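Note sheet for the following structure.
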Amino acid sequence: MKRREFVKSIGGATGLLMANRMSGTFARAAESVPEKKSGMRTVKLGIIQVTADYSWIVERCHEELYELTEACLKEGADLVVMPEAYQYIGVKKTISREERFKKYTVAHLAHCAELAKKYKAYIVPWDYEIDNAGKTYNASFVYDREGKHIGTYRKVQPTYGELADGITPGNDFPVFDCDFGKLGIIICFDNYFPESTRILGLRGAEIVLYPLYGDTLAEEWEFKLRTRACDNGIYVVPSTLSLSRGITFSGIVNPAGKVVYRSERTHTHAVIEVALGVPRMTNTSAREGCSEDIKNYLFKSRNPAAYGDIMKHAQTPMWKDVLHWKEEIKEL
């Protein structure tokens, strides 16, 4: 099919997935963007899927991150997010986190800031952050169109392995004001907790970026991903390492919980335009002539007075009751 026919078949260029130029083909279309109405905005999301070769050195991983990111930016992406922990997969057992931070982190973040400024786009790279007290965080950093660092998200729910390895949990879910709308971030294990995206949704996030290393629950991972999106009326944008297990993927889930783009090959990129500020209407009350904006209706109808147990730890088990592991289990 010729390009012009392809564009026509999916409802115009605004609905077109601008696919990986290196492949020489066009991938399938994302959801078509409706005609603009009051309050509606559009944003072009850059999706990258790395190779995830565990033998690569840090420099080679960085090269691929920059290559795929810049490919998205050259195609007009407003925002590109990078996956969790990619650059260190080949050296995590041979170079300490402190050494990695001193040798790579500052230069990595500076290069991402330069790309953001050069292409006038938002870039969200991942790396470790070490604060002035020496605490280490698993973090994503937000750079605006001028290359300015406008904020950092620190992973709130690290795994047991991360905690045992000295990672400090973050304690907040910030929402970042961008010129296209409000942006939130969760990282990997955060997605197991509905509170993560709920708080971001309540704070007005319209897009939640989701860098992750991977997962092991084949059916549950996507189920949770899609549920987080439709529960809060948000786009969720995962950016993962490996496709080899067939569990996780880099892509986009829309506020209806539909996967509108799923990367299916490594070393690929895509730019997809999505619409923000478009209400999803329903009629849960079954009243004639009545319809509701379901996102705002759910937020309005919440009854937090009944949610007190969410903040209690009375049923929190001990680590020895959680882990089945040959190594000594420390109560952290």
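Starting from 1 in every chain, residues are counted up; chains themselves are A, B, ... following the order of the structure tokens, and ligands are numbered from 1 as listed.
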Quiz item: So which residues touch Tyr210 of chain A within 7 Å, counting only C-alpha atoms, skipping near sequence neighbours fewer than 4 positions away, as a ChimeraX atom specification?
Solution: /A:185-188,236-239
Atoms kept (N, CA and C atoms) for selection, written as an mmCIF file, in the first residue's frame:
data_model
loop_
_atom_site.group_PDB
_atom_site.id
_atom_site.type_symbol
_atom_site.label_atom_id
_atom_site.label_comp_id
_atom_site.auth_asym_id
_atom_site.auth_seq_id
_atom_site.Cartn_x
_atom_site.Cartn_y
_atom_site.Cartn_z
ATOM 1 N N ILE A 185 5.026 10.087 36.774
ATOM 2 C CA ILE A 185 5.957 8.994 36.511
ATOM 3 C C ILE A 185 5.804 7.934 37.596
ATOM 4 N N ILE A 186 5.835 6.672 37.195
ATOM 5 C CA ILE A 186 6.043 5.556 38.113
ATOM 6 C C ILE A 186 7.190 4.729 37.536
ATOM 7 N N ILE A 187 7.854 3.941 38.374
ATOM 8 C CA ILE A 187 8.976 3.133 37.912
ATOM 9 C C ILE A 187 8.767 1.677 38.326
ATOM 10 N N CYS A 188 8.749 0.800 37.367
ATOM 11 C CA CYS A 188 8.753 -0.665 37.525
ATOM 12 C C CYS A 188 7.783 -1.157 38.608
ATOM 13 N N VAL A 236 -0.945 5.665 29.965
ATOM 14 C CA VAL A 236 0.218 5.077 30.615
ATOM 15 C C VAL A 236 1.187 4.657 29.521
ATOM 16 N N VAL A 237 2.455 5.059 29.674
ATOM 17 C CA VAL A 237 3.450 4.883 28.615
ATOM 18 C C VAL A 237 4.626 4.074 29.152
ATOM 19 N N PRO A 238 4.585 2.726 29.018
ATOM 20 C CA PRO A 238 5.701 1.912 29.484
ATOM 21 C C PRO A 238 6.904 2.003 28.548
ATOM 22 N N SER A 239 8.093 1.976 29.140
ATOM 23 C CA SER A 239 9.340 1.898 28.380
ATOM 24 C C SER A 239 10.204 0.839 29.048
#
Exercise. Using DSSP on the backbone coordinates, identify the residues of segment 143-323 of chain A assigned to strand (DSSP E or B); present them as a ChimeraX atom specification.
Key: /A:143,149-154,167,176-178,181-185,207-211,235-239,251-253,259-262,268-276,281-282,292-293
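Between Lys320 of chain A and the candidates A:Tyr86, A:Leu332, A:Gly76, A:Asp172, the tightest atom-to-atom separation, counting only C-alpha atoms, involves A:Leu332.
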Self-check item: Residue with smallest distance to Ile272 of chain A - pool A:Glu75, A:Glu195, A:Glu99, A:Asp309, counting only C-alpha atoms
Solution: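 Going through A:Glu75, A:Glu195, A:Glu99, A:Asp309 one by one, the smallest distance to Ile272 of chain A is for A:Glu75.
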Quiz item: What does the distance between atom CA of Leu225 of chain A and atom CA of Leu276 of chain A come to in Å, to one decimal place?
Solution: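 Taking atom CA of Leu225 of chain A and atom CA of Leu276 of chain A, their separation equals 18.9 Å.
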